[in-house]
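S.K.: Right, I'll just put the structure down here and ask away after.
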Amino acid sequence: MAFVVSALWTPPSLYIPPYQSAVFPSVSKRKAHIRQAHQLGKRCHVSPIFCGRPSDEQSIGPLETIRRLPANLARIFEDARLKRLAREADRMLDQEIAVMRRNGTRESYNGVFFLIFVNLAGFILSKLFGFAFVSRFALPHWRPAWYQFFTSLFLHSSWNHLSGNLFFLYIFGKLVEEEEGAFGLIASYLICGLGSNIISLLFCPGNIVSLGASGAVFGLFAVSVLLKMKFDLKKIIECLILGQFVFQQVMLEVQLSALGPLDGINHIAHVAGALVGVVLIQLVRKANRGTK
C-alpha cells in the first residue's frame with residue numbers, strides 16, 4: 001500500500017505535469033524522487049490524473065489521497081465512458097450525415113426528371129422530323145434492330161399517349177428512386193422496357209410497330225410495390241395502397257391482352273413489363289442475400 005500511495009502524489013517542488021514528464025529520462029528516476037520526498041515527510045499536490053488540476057491553495061497528504069481514491073477512480077471511469085460515448089456519437093453522426101446526403105440526392109429525383117426529359121425530347125423530335133424519325137427508332141416486329149429495343153421506349157404516338165405514361169412515370173418513378181436511387185430507377189426502367197419489348201416481339205404478330213414507355217412503366221408498378229414490402233407499418237400501408245391499384249391494372253391488361261393489339265395498344269407489353277419487374281426484384285434480392 002505504501003508503494004500505491006507514493007505513486008499517487010509528488011512533493012510540490014518535484015511536481016511534474018504529465019505533459020512535462022520527459023524531464024525525467026526514466027520511470028525509475030521519477031520513483032526515486034518520490035521515495036525521497038516521502039522520506040523527508042513533505043506534503044504534496046495530488047496528481048491531476050486523480051484529483052484534477054493542482055492548486056497552490058490546496059495541498060493534501062497521502063491519507064487524504066487514499067480517502068479520495070474511490071471517487072477519483074470513479075471519475076476516471078466515468079470520463080472514459082463519456083469519451084467512448086462521444087466516439088460512438090461521432091460515428092453515428094457521420095453515418096447520419098452520409099444518409100442525409102444520399103437522401104438529399106434522391107429527394108431531388110434526378111432519375112425521374114432525366115427519364116421525363118428524354119421522353120419529352122423523343123416526342124418533340126418525332127414531331128419535328130416526322131415519320132422518318134419514328135420509323136428509324138420505333139420497334140418493327142418483322143425486322144428489329146438492336147438499338148430499337150431501347151429507343152422505342154422513349155417514343156410516343158400522341159400527346160395523350162405521352163402524358164399518360166409521364167404521369168405514372170412521375171408517381172411510381174419517384175417511389176422507386178426513393179428506395180434505389182437514380183441509377184436503380186433508370187436501370188429498372190430500361191430492363192423492364194427491354195423485357196417487355198422482347199416478350200411482345202415473341203407473342204405479337206410481325207406486322208406491327210411498338211413504341212412507348214408503357215411496358216417500362218408497368219415494370220415500375222411492380223418494382224415500387226415490391227420495394228415497399230418491408231416489416232414497417234408505413235411501408236405496409238403504402239404497399240397495400242399501391243398494390244391494389246397495380247393488381248387491378250395488371251389484371252385488366254391480362255384480360256385485354258387476349259384481344260391482341262387490335263385496339264392499337266400492346267397489352268402484352270404491359271403485362272410483360274410487370275412480370276419482368278417482379279423477376280428483377282427477386283433476382284436483386286437473391287443476389288443481395290448471396291453477398292451477405
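In the C-alpha cells, chains take the letters A, B, ... in the order shown, each chain's residues start at 1, and ligands count up from 1 in the order shown.
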Find the spatial neighbours of segment 148-158 of chain A, counting only C-alpha atoms, within a cut-off of 10 Å - ignore same-chain residues fewer than 5 positions away - and output them as a ChimeraX atom specification.

M.R.: /A:115-127,133-140,163,165,189-191,193-198,201,209-217

S.K.: Could you pull out the residues in segment 82-210 of chain A that DSSP calls helix (DSSP H, G or I) from the backbone, as a compact mmCIF listing (two decimals) with N, CA, C and O atoms, in the first residue's frame?

M.R.:
```txt
# COMPACT_ATOMS: atom_id res chain seq x y z
N LEU A 82 -17.64 8.47 -20.96
CA LEU A 82 -18.10 9.61 -21.74
C LEU A 82 -17.33 9.74 -23.05
O LEU A 82 -17.90 10.07 -24.10
N LYS A 83 -16.02 9.48 -22.99
CA LYS A 83 -15.24 9.53 -24.23
C LYS A 83 -15.71 8.47 -25.21
O LYS A 83 -15.79 8.70 -26.41
N ARG A 84 -16.00 7.27 -24.69
CA ARG A 84 -16.49 6.20 -25.55
C ARG A 84 -17.84 6.57 -26.17
O ARG A 84 -18.09 6.34 -27.35
N LEU A 85 -18.71 7.16 -25.34
CA LEU A 85 -20.00 7.59 -25.87
C LEU A 85 -19.83 8.71 -26.90
O LEU A 85 -20.57 8.76 -27.89
N ALA A 86 -18.86 9.58 -26.67
CA ALA A 86 -18.62 10.66 -27.64
C ALA A 86 -18.13 10.10 -28.97
O ALA A 86 -18.56 10.56 -30.04
N ARG A 87 -17.25 9.10 -28.89
CA ARG A 87 -16.79 8.48 -30.15
C ARG A 87 -17.94 7.80 -30.86
O ARG A 87 -18.06 7.88 -32.09
N GLU A 88 -18.79 7.13 -30.10
CA GLU A 88 -19.95 6.48 -30.71
C GLU A 88 -20.90 7.50 -31.32
O GLU A 88 -21.45 7.29 -32.40
N ALA A 89 -21.09 8.64 -30.63
CA ALA A 89 -21.96 9.68 -31.16
C ALA A 89 -21.38 10.28 -32.44
O ALA A 89 -22.12 10.55 -33.39
N ASP A 90 -20.05 10.46 -32.47
CA ASP A 90 -19.42 10.96 -33.69
C ASP A 90 -19.62 9.99 -34.85
O ASP A 90 -19.88 10.40 -35.98
N ARG A 91 -19.46 8.69 -34.56
CA ARG A 91 -19.64 7.69 -35.62
C ARG A 91 -21.08 7.70 -36.13
O ARG A 91 -21.32 7.67 -37.35
N MET A 92 -22.05 7.77 -35.20
CA MET A 92 -23.45 7.80 -35.62
C MET A 92 -23.77 9.08 -36.39
O MET A 92 -24.55 9.06 -37.34
N LEU A 93 -23.15 10.17 -35.97
CA LEU A 93 -23.38 11.43 -36.68
C LEU A 93 -22.84 11.37 -38.10
O LEU A 93 -23.48 11.84 -39.04
N ASP A 94 -21.65 10.76 -38.26
CA ASP A 94 -21.10 10.61 -39.60
C ASP A 94 -22.00 9.75 -40.47
O ASP A 94 -22.23 10.06 -41.65
N GLN A 95 -22.55 8.67 -39.90
CA GLN A 95 -23.48 7.84 -40.66
C GLN A 95 -24.74 8.60 -41.03
O GLN A 95 -25.25 8.48 -42.14
N GLU A 96 -25.24 9.40 -40.09
CA GLU A 96 -26.46 10.17 -40.36
C GLU A 96 -26.21 11.20 -41.45
O GLU A 96 -27.06 11.43 -42.30
N ILE A 97 -25.05 11.83 -41.42
CA ILE A 97 -24.73 12.81 -42.46
C ILE A 97 -24.65 12.14 -43.82
O ILE A 97 -25.14 12.66 -44.82
N ALA A 98 -24.05 10.93 -43.85
CA ALA A 98 -23.97 10.20 -45.12
C ALA A 98 -25.35 9.84 -45.63
O ALA A 98 -25.64 9.97 -46.83
N VAL A 99 -26.24 9.41 -44.72
CA VAL A 99 -27.61 9.09 -45.13
C VAL A 99 -28.33 10.33 -45.63
O VAL A 99 -29.06 10.29 -46.63
N MET A 100 -28.15 11.44 -44.93
CA MET A 100 -28.80 12.68 -45.35
C MET A 100 -28.32 13.12 -46.72
O MET A 100 -29.10 13.62 -47.54
N ARG A 101 -27.02 12.93 -46.98
CA ARG A 101 -26.51 13.29 -48.30
C ARG A 101 -27.12 12.41 -49.38
O ARG A 101 -27.49 12.90 -50.45
N ARG A 102 -27.20 11.09 -49.09
CA ARG A 102 -27.82 10.20 -50.07
C ARG A 102 -29.29 10.55 -50.26
O ARG A 102 -29.79 10.58 -51.38
N ASN A 103 -29.99 10.81 -49.16
CA ASN A 103 -31.41 11.16 -49.28
C ASN A 103 -31.59 12.48 -50.00
O ASN A 103 -32.55 12.66 -50.74
N GLY A 104 -30.67 13.42 -49.76
CA GLY A 104 -30.78 14.70 -50.47
C GLY A 104 -30.65 14.51 -51.96
O GLY A 104 -31.33 15.15 -52.75
N THR A 105 -29.76 13.57 -52.35
CA THR A 105 -29.61 13.28 -53.78
C THR A 105 -30.86 12.64 -54.32
O THR A 105 -31.32 12.95 -55.41
N ARG A 106 -31.44 11.73 -53.53
CA ARG A 106 -32.62 11.02 -54.01
C ARG A 106 -33.84 11.94 -54.04
O ARG A 106 -34.67 11.86 -54.92
N GLU A 107 -33.96 12.81 -53.03
CA GLU A 107 -35.13 13.67 -52.99
C GLU A 107 -35.13 14.69 -54.12
O GLU A 107 -36.15 15.31 -54.38
N ASN A 110 -33.43 13.16 -59.56
CA ASN A 110 -32.75 13.39 -60.83
C ASN A 110 -33.08 12.31 -61.85
O ASN A 110 -33.19 12.58 -63.05
N GLY A 111 -33.22 11.06 -61.38
CA GLY A 111 -33.53 9.98 -62.30
C GLY A 111 -34.89 10.13 -62.95
O GLY A 111 -35.05 9.92 -64.16
N VAL A 112 -35.89 10.50 -62.16
CA VAL A 112 -37.25 10.68 -62.70
C VAL A 112 -37.25 11.79 -63.75
O VAL A 112 -37.80 11.61 -64.85
N PHE A 113 -36.67 12.91 -63.42
CA PHE A 113 -36.71 14.04 -64.36
C PHE A 113 -35.83 13.79 -65.58
O PHE A 113 -36.12 14.31 -66.66
N PHE A 114 -34.79 12.99 -65.42
CA PHE A 114 -33.99 12.62 -66.59
C PHE A 114 -34.84 11.80 -67.56
O PHE A 114 -34.84 12.07 -68.78
N LEU A 115 -35.55 10.81 -67.06
CA LEU A 115 -36.40 9.98 -67.93
C LEU A 115 -37.53 10.80 -68.55
O LEU A 115 -37.87 10.62 -69.73
N ILE A 116 -38.11 11.70 -67.77
CA ILE A 116 -39.17 12.57 -68.32
C ILE A 116 -38.61 13.45 -69.43
O ILE A 116 -39.23 13.62 -70.49
N PHE A 117 -37.44 14.01 -69.21
CA PHE A 117 -36.82 14.86 -70.22
C PHE A 117 -36.54 14.09 -71.51
O PHE A 117 -36.81 14.59 -72.62
N VAL A 118 -36.02 12.88 -71.39
CA VAL A 118 -35.71 12.09 -72.59
C VAL A 118 -37.00 11.74 -73.34
O VAL A 118 -37.05 11.78 -74.58
N ASN A 119 -38.05 11.40 -72.61
CA ASN A 119 -39.33 11.10 -73.27
C ASN A 119 -39.89 12.33 -73.98
O ASN A 119 -40.40 12.23 -75.10
N LEU A 120 -39.79 13.48 -73.33
CA LEU A 120 -40.26 14.71 -73.97
C LEU A 120 -39.42 15.04 -75.20
O LEU A 120 -39.96 15.46 -76.24
N ALA A 121 -38.10 14.85 -75.09
CA ALA A 121 -37.23 15.12 -76.23
C ALA A 121 -37.56 14.19 -77.39
O ALA A 121 -37.59 14.62 -78.56
N GLY A 122 -37.81 12.91 -77.10
CA GLY A 122 -38.19 11.98 -78.15
C GLY A 122 -39.48 12.37 -78.84
O GLY A 122 -39.61 12.28 -80.08
N PHE A 123 -40.45 12.84 -78.05
CA PHE A 123 -41.73 13.25 -78.64
C PHE A 123 -41.55 14.49 -79.52
O PHE A 123 -42.12 14.57 -80.63
N ILE A 124 -40.78 15.46 -79.04
CA ILE A 124 -40.55 16.69 -79.83
C ILE A 124 -39.82 16.37 -81.13
O ILE A 124 -40.19 16.87 -82.21
N LEU A 125 -38.81 15.52 -81.05
CA LEU A 125 -38.06 15.16 -82.26
C LEU A 125 -38.93 14.40 -83.24
O LEU A 125 -38.81 14.57 -84.47
N SER A 126 -39.82 13.56 -82.73
CA SER A 126 -40.71 12.83 -83.64
C SER A 126 -41.67 13.77 -84.36
O SER A 126 -42.05 13.52 -85.52
N LYS A 127 -42.06 14.86 -83.71
CA LYS A 127 -42.93 15.83 -84.36
C LYS A 127 -42.15 16.72 -85.34
O LYS A 127 -42.70 17.16 -86.35
N LEU A 128 -40.90 16.97 -85.02
CA LEU A 128 -40.10 17.80 -85.92
C LEU A 128 -39.68 17.07 -87.19
O LEU A 128 -39.72 17.64 -88.29
N PHE A 129 -39.29 15.81 -87.04
CA PHE A 129 -38.76 15.06 -88.19
C PHE A 129 -39.75 14.05 -88.77
O PHE A 129 -39.45 13.42 -89.79
N PHE A 131 -42.33 11.03 -89.80
CA PHE A 131 -42.36 9.58 -89.94
C PHE A 131 -40.96 8.98 -90.08
O PHE A 131 -40.71 7.87 -89.61
N ALA A 132 -40.07 9.67 -90.72
CA ALA A 132 -38.72 9.13 -90.92
C ALA A 132 -38.02 8.89 -89.58
O ALA A 132 -37.34 7.87 -89.40
N PHE A 133 -38.20 9.80 -88.66
CA PHE A 133 -37.58 9.65 -87.34
C PHE A 133 -38.22 8.49 -86.57
O PHE A 133 -37.53 7.66 -85.97
N VAL A 134 -39.56 8.42 -86.61
CA VAL A 134 -40.27 7.37 -85.88
C VAL A 134 -39.93 6.00 -86.44
O VAL A 134 -39.67 5.05 -85.70
N SER A 135 -39.94 5.86 -87.74
CA SER A 135 -39.66 4.56 -88.36
C SER A 135 -38.24 4.09 -88.10
O SER A 135 -37.97 2.89 -88.09
N ARG A 136 -37.32 5.02 -87.86
CA ARG A 136 -35.94 4.64 -87.61
C ARG A 136 -35.74 4.15 -86.18
O ARG A 136 -34.92 3.25 -85.93
N PHE A 137 -36.47 4.74 -85.21
CA PHE A 137 -36.20 4.43 -83.80
C PHE A 137 -37.32 3.68 -83.11
O PHE A 137 -37.15 3.25 -81.96
N GLN A 148 -33.28 -0.43 -81.39
CA GLN A 148 -34.70 -0.07 -81.36
C GLN A 148 -35.44 -0.64 -80.15
O GLN A 148 -36.50 -0.15 -79.78
N PHE A 149 -34.88 -1.68 -79.54
CA PHE A 149 -35.47 -2.21 -78.30
C PHE A 149 -35.38 -1.17 -77.18
O PHE A 149 -36.18 -1.21 -76.23
N PHE A 150 -34.44 -0.25 -77.27
CA PHE A 150 -34.29 0.79 -76.25
C PHE A 150 -34.89 2.13 -76.70
O PHE A 150 -35.57 2.80 -75.91
N THR A 151 -34.62 2.53 -77.93
CA THR A 151 -35.09 3.84 -78.39
C THR A 151 -36.62 3.90 -78.46
O THR A 151 -37.20 4.98 -78.27
N SER A 152 -37.25 2.76 -78.72
CA SER A 152 -38.72 2.77 -78.79
C SER A 152 -39.37 3.08 -77.45
O SER A 152 -40.55 3.46 -77.40
N LEU A 153 -38.60 2.93 -76.36
CA LEU A 153 -39.14 3.22 -75.02
C LEU A 153 -39.34 4.71 -74.78
O LEU A 153 -39.98 5.09 -73.80
N PHE A 154 -38.79 5.55 -75.65
CA PHE A 154 -38.86 7.00 -75.46
C PHE A 154 -39.64 7.70 -76.57
O PHE A 154 -39.57 8.92 -76.70
N TRP A 159 -49.86 13.04 -77.93
CA TRP A 159 -49.67 13.71 -76.64
C TRP A 159 -50.40 12.97 -75.52
O TRP A 159 -49.90 12.86 -74.40
N ASN A 160 -51.58 12.45 -75.78
CA ASN A 160 -52.31 11.69 -74.77
C ASN A 160 -51.52 10.45 -74.35
O ASN A 160 -51.47 10.09 -73.17
N HIS A 161 -50.94 9.79 -75.34
CA HIS A 161 -50.11 8.63 -75.05
C HIS A 161 -48.93 9.02 -74.16
O HIS A 161 -48.61 8.34 -73.17
N LEU A 162 -48.27 10.11 -74.48
CA LEU A 162 -47.12 10.56 -73.71
C LEU A 162 -47.51 11.03 -72.31
O LEU A 162 -46.88 10.64 -71.32
N SER A 163 -48.54 11.86 -72.21
CA SER A 163 -48.90 12.43 -70.91
C SER A 163 -49.34 11.35 -69.93
O SER A 163 -49.02 11.44 -68.73
N GLY A 164 -50.06 10.34 -70.40
CA GLY A 164 -50.47 9.26 -69.51
C GLY A 164 -49.27 8.51 -68.96
O GLY A 164 -49.20 8.22 -67.75
N ASN A 165 -48.31 8.20 -69.82
CA ASN A 165 -47.12 7.48 -69.36
C ASN A 165 -46.26 8.35 -68.44
O ASN A 165 -45.70 7.85 -67.45
N LEU A 166 -46.14 9.63 -68.74
CA LEU A 166 -45.34 10.51 -67.89
C LEU A 166 -45.96 10.68 -66.51
O LEU A 166 -45.26 10.81 -65.50
N PHE A 167 -47.29 10.68 -66.46
CA PHE A 167 -47.97 10.81 -65.17
C PHE A 167 -47.60 9.64 -64.25
O PHE A 167 -47.20 9.84 -63.10
N PHE A 168 -47.72 8.43 -64.76
CA PHE A 168 -47.40 7.27 -63.94
C PHE A 168 -45.89 7.12 -63.74
O PHE A 168 -45.45 6.63 -62.69
N LEU A 169 -45.10 7.54 -64.71
CA LEU A 169 -43.65 7.52 -64.53
C LEU A 169 -43.24 8.44 -63.40
O LEU A 169 -42.35 8.10 -62.59
N TYR A 170 -43.86 9.60 -63.32
CA TYR A 170 -43.51 10.55 -62.26
C TYR A 170 -43.89 9.99 -60.89
O TYR A 170 -43.10 10.08 -59.93
N ILE A 171 -45.07 9.40 -60.77
CA ILE A 171 -45.52 8.90 -59.46
C ILE A 171 -44.72 7.68 -59.03
O ILE A 171 -44.12 7.65 -57.95
N PHE A 172 -44.70 6.65 -59.88
CA PHE A 172 -44.05 5.40 -59.48
C PHE A 172 -42.53 5.48 -59.62
O PHE A 172 -41.81 4.77 -58.92
N GLY A 173 -42.04 6.33 -60.51
CA GLY A 173 -40.60 6.51 -60.61
C GLY A 173 -40.03 7.14 -59.35
O GLY A 173 -38.93 6.77 -58.90
N LYS A 174 -40.74 8.08 -58.76
CA LYS A 174 -40.28 8.69 -57.51
C LYS A 174 -40.22 7.66 -56.39
O LYS A 174 -39.29 7.66 -55.58
N LEU A 175 -41.21 6.76 -56.35
CA LEU A 175 -41.20 5.73 -55.31
C LEU A 175 -40.00 4.81 -55.46
O LEU A 175 -39.37 4.42 -54.47
N VAL A 176 -39.67 4.46 -56.69
CA VAL A 176 -38.51 3.60 -56.91
C VAL A 176 -37.22 4.34 -56.60
O VAL A 176 -36.29 3.79 -55.98
N GLU A 177 -37.14 5.60 -57.00
CA GLU A 177 -35.91 6.36 -56.77
C GLU A 177 -35.68 6.61 -55.29
O GLU A 177 -34.53 6.68 -54.83
N GLU A 178 -36.74 6.76 -54.51
CA GLU A 178 -36.59 6.94 -53.07
C GLU A 178 -35.94 5.73 -52.43
O GLU A 178 -35.22 5.85 -51.43
N GLU A 179 -36.18 4.55 -52.98
CA GLU A 179 -35.64 3.32 -52.41
C GLU A 179 -34.28 2.95 -53.02
O GLU A 179 -33.40 2.45 -52.32
N GLU A 180 -34.12 3.15 -54.31
CA GLU A 180 -32.95 2.63 -55.02
C GLU A 180 -32.07 3.70 -55.64
O GLU A 180 -31.01 3.37 -56.21
N GLY A 181 -32.46 4.95 -55.59
CA GLY A 181 -31.65 5.99 -56.18
C GLY A 181 -31.88 6.14 -57.67
O GLY A 181 -32.62 5.37 -58.30
N ALA A 182 -31.23 7.15 -58.25
CA ALA A 182 -31.44 7.45 -59.67
C ALA A 182 -30.96 6.32 -60.57
O ALA A 182 -31.63 5.95 -61.54
N PHE A 183 -29.79 5.75 -60.25
CA PHE A 183 -29.27 4.67 -61.08
C PHE A 183 -30.21 3.46 -61.05
O PHE A 183 -30.46 2.83 -62.08
N GLY A 184 -30.71 3.12 -59.86
CA GLY A 184 -31.63 2.00 -59.75
C GLY A 184 -32.90 2.22 -60.54
O GLY A 184 -33.44 1.29 -61.17
N LEU A 185 -33.40 3.46 -60.54
CA LEU A 185 -34.62 3.77 -61.30
C LEU A 185 -34.38 3.63 -62.80
O LEU A 185 -35.16 2.98 -63.50
N ILE A 186 -33.31 4.23 -63.29
CA ILE A 186 -33.04 4.19 -64.74
C ILE A 186 -32.78 2.75 -65.18
O ILE A 186 -33.25 2.31 -66.24
N ALA A 187 -32.03 1.99 -64.37
CA ALA A 187 -31.78 0.59 -64.71
C ALA A 187 -33.08 -0.21 -64.73
O ALA A 187 -33.29 -1.04 -65.63
N SER A 188 -33.95 0.02 -63.76
CA SER A 188 -35.23 -0.69 -63.73
C SER A 188 -36.08 -0.33 -64.94
O SER A 188 -36.72 -1.21 -65.55
N TYR A 189 -36.09 0.92 -65.30
CA TYR A 189 -36.86 1.39 -66.47
C TYR A 189 -36.37 0.68 -67.74
O TYR A 189 -37.17 0.15 -68.52
N LEU A 190 -35.06 0.66 -67.94
CA LEU A 190 -34.52 0.07 -69.16
C LEU A 190 -34.69 -1.44 -69.19
O LEU A 190 -35.04 -2.01 -70.23
N ILE A 191 -34.46 -2.10 -68.07
CA ILE A 191 -34.57 -3.56 -68.03
C ILE A 191 -36.01 -4.00 -68.24
O ILE A 191 -36.30 -4.93 -69.02
N CYS A 192 -36.94 -3.34 -67.54
CA CYS A 192 -38.36 -3.70 -67.70
C CYS A 192 -38.84 -3.38 -69.12
O CYS A 192 -39.59 -4.17 -69.72
N GLY A 193 -38.42 -2.24 -69.64
CA GLY A 193 -38.81 -1.89 -71.01
C GLY A 193 -38.24 -2.86 -72.03
O GLY A 193 -38.93 -3.28 -72.98
N LEU A 194 -36.97 -3.23 -71.86
CA LEU A 194 -36.35 -4.19 -72.77
C LEU A 194 -37.06 -5.54 -72.70
O LEU A 194 -37.35 -6.16 -73.73
N GLY A 195 -37.34 -6.01 -71.48
CA GLY A 195 -38.03 -7.29 -71.34
C GLY A 195 -39.42 -7.27 -71.96
O GLY A 195 -39.84 -8.25 -72.61
N SER A 196 -40.15 -6.17 -71.77
CA SER A 196 -41.49 -6.09 -72.35
C SER A 196 -41.43 -6.09 -73.88
O SER A 196 -42.28 -6.71 -74.54
N ASN A 197 -40.44 -5.43 -74.45
CA ASN A 197 -40.31 -5.42 -75.91
C ASN A 197 -39.97 -6.81 -76.46
O ASN A 197 -40.49 -7.24 -77.49
N ILE A 198 -39.08 -7.51 -75.76
CA ILE A 198 -38.70 -8.85 -76.22
C ILE A 198 -39.88 -9.81 -76.16
O ILE A 198 -40.15 -10.57 -77.11
N ILE A 199 -40.62 -9.78 -75.05
CA ILE A 199 -41.76 -10.69 -74.90
C ILE A 199 -42.86 -10.34 -75.89
O ILE A 199 -43.47 -11.24 -76.50
N SER A 200 -43.15 -9.07 -76.07
CA SER A 200 -44.19 -8.70 -77.04
C SER A 200 -43.76 -9.05 -78.46
O SER A 200 -44.60 -9.39 -79.30
N LEU A 201 -42.47 -8.99 -78.73
CA LEU A 201 -41.97 -9.38 -80.05
C LEU A 201 -42.22 -10.86 -80.30
O LEU A 201 -42.49 -11.28 -81.44
N LEU A 202 -42.12 -11.67 -79.24
CA LEU A 202 -42.33 -13.11 -79.38
C LEU A 202 -43.78 -13.50 -79.51
O LEU A 202 -44.10 -14.50 -80.18
N PHE A 203 -44.68 -12.74 -78.88
CA PHE A 203 -46.08 -13.14 -78.82
C PHE A 203 -47.00 -12.33 -79.73
O PHE A 203 -48.15 -12.73 -79.94
```

S.K.: For each of A:Ile76, A:Leu256, A:Ile66, A:Ile208, take the minimum atom-to-atom distance to His141 of chain A, counting only C-alpha atoms, then give the residue where this is smallest.

M.R.: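 Smallest distance to His141 of chain A is found for A:Ile208.
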
S.K.: What is the distance, in Å and to one decimal place, between atom CA of Asn207 of chain A and atom CA of Ala269 of chain A?

M.R.: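 Value for the atom CA of Asn207 of chain A-atom CA of Ala269 of chain A distance: 15.5 Å.
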
S.K.: Tell me, in Å to one decimal, how far atom CA of Gly130 of chain A is from atom CA of Gly206 of chain A.

M.R.: 22.8 Å

S.K.: Please, what distance in Å, to one decimal, runs between atom CA of Leu275 of chain A and atom CA of Ser108 of chain A?

M.R.: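 Atom CA of Ser108 of chain A lies at a distance of 28.6 Å from atom CA of Leu275 of chain A.
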
S.K.: List as a VMD selection string the protein and nucleic acid residues near Leu242 of chain A, meaning an atom at most 12 Å away when only C-alpha atoms are counted, but skip any in the same chain fewer than 2 places from it.

M.R.: chain A and resid 168 171 to 172 175 220 to 229 235 to 240 244 to 249
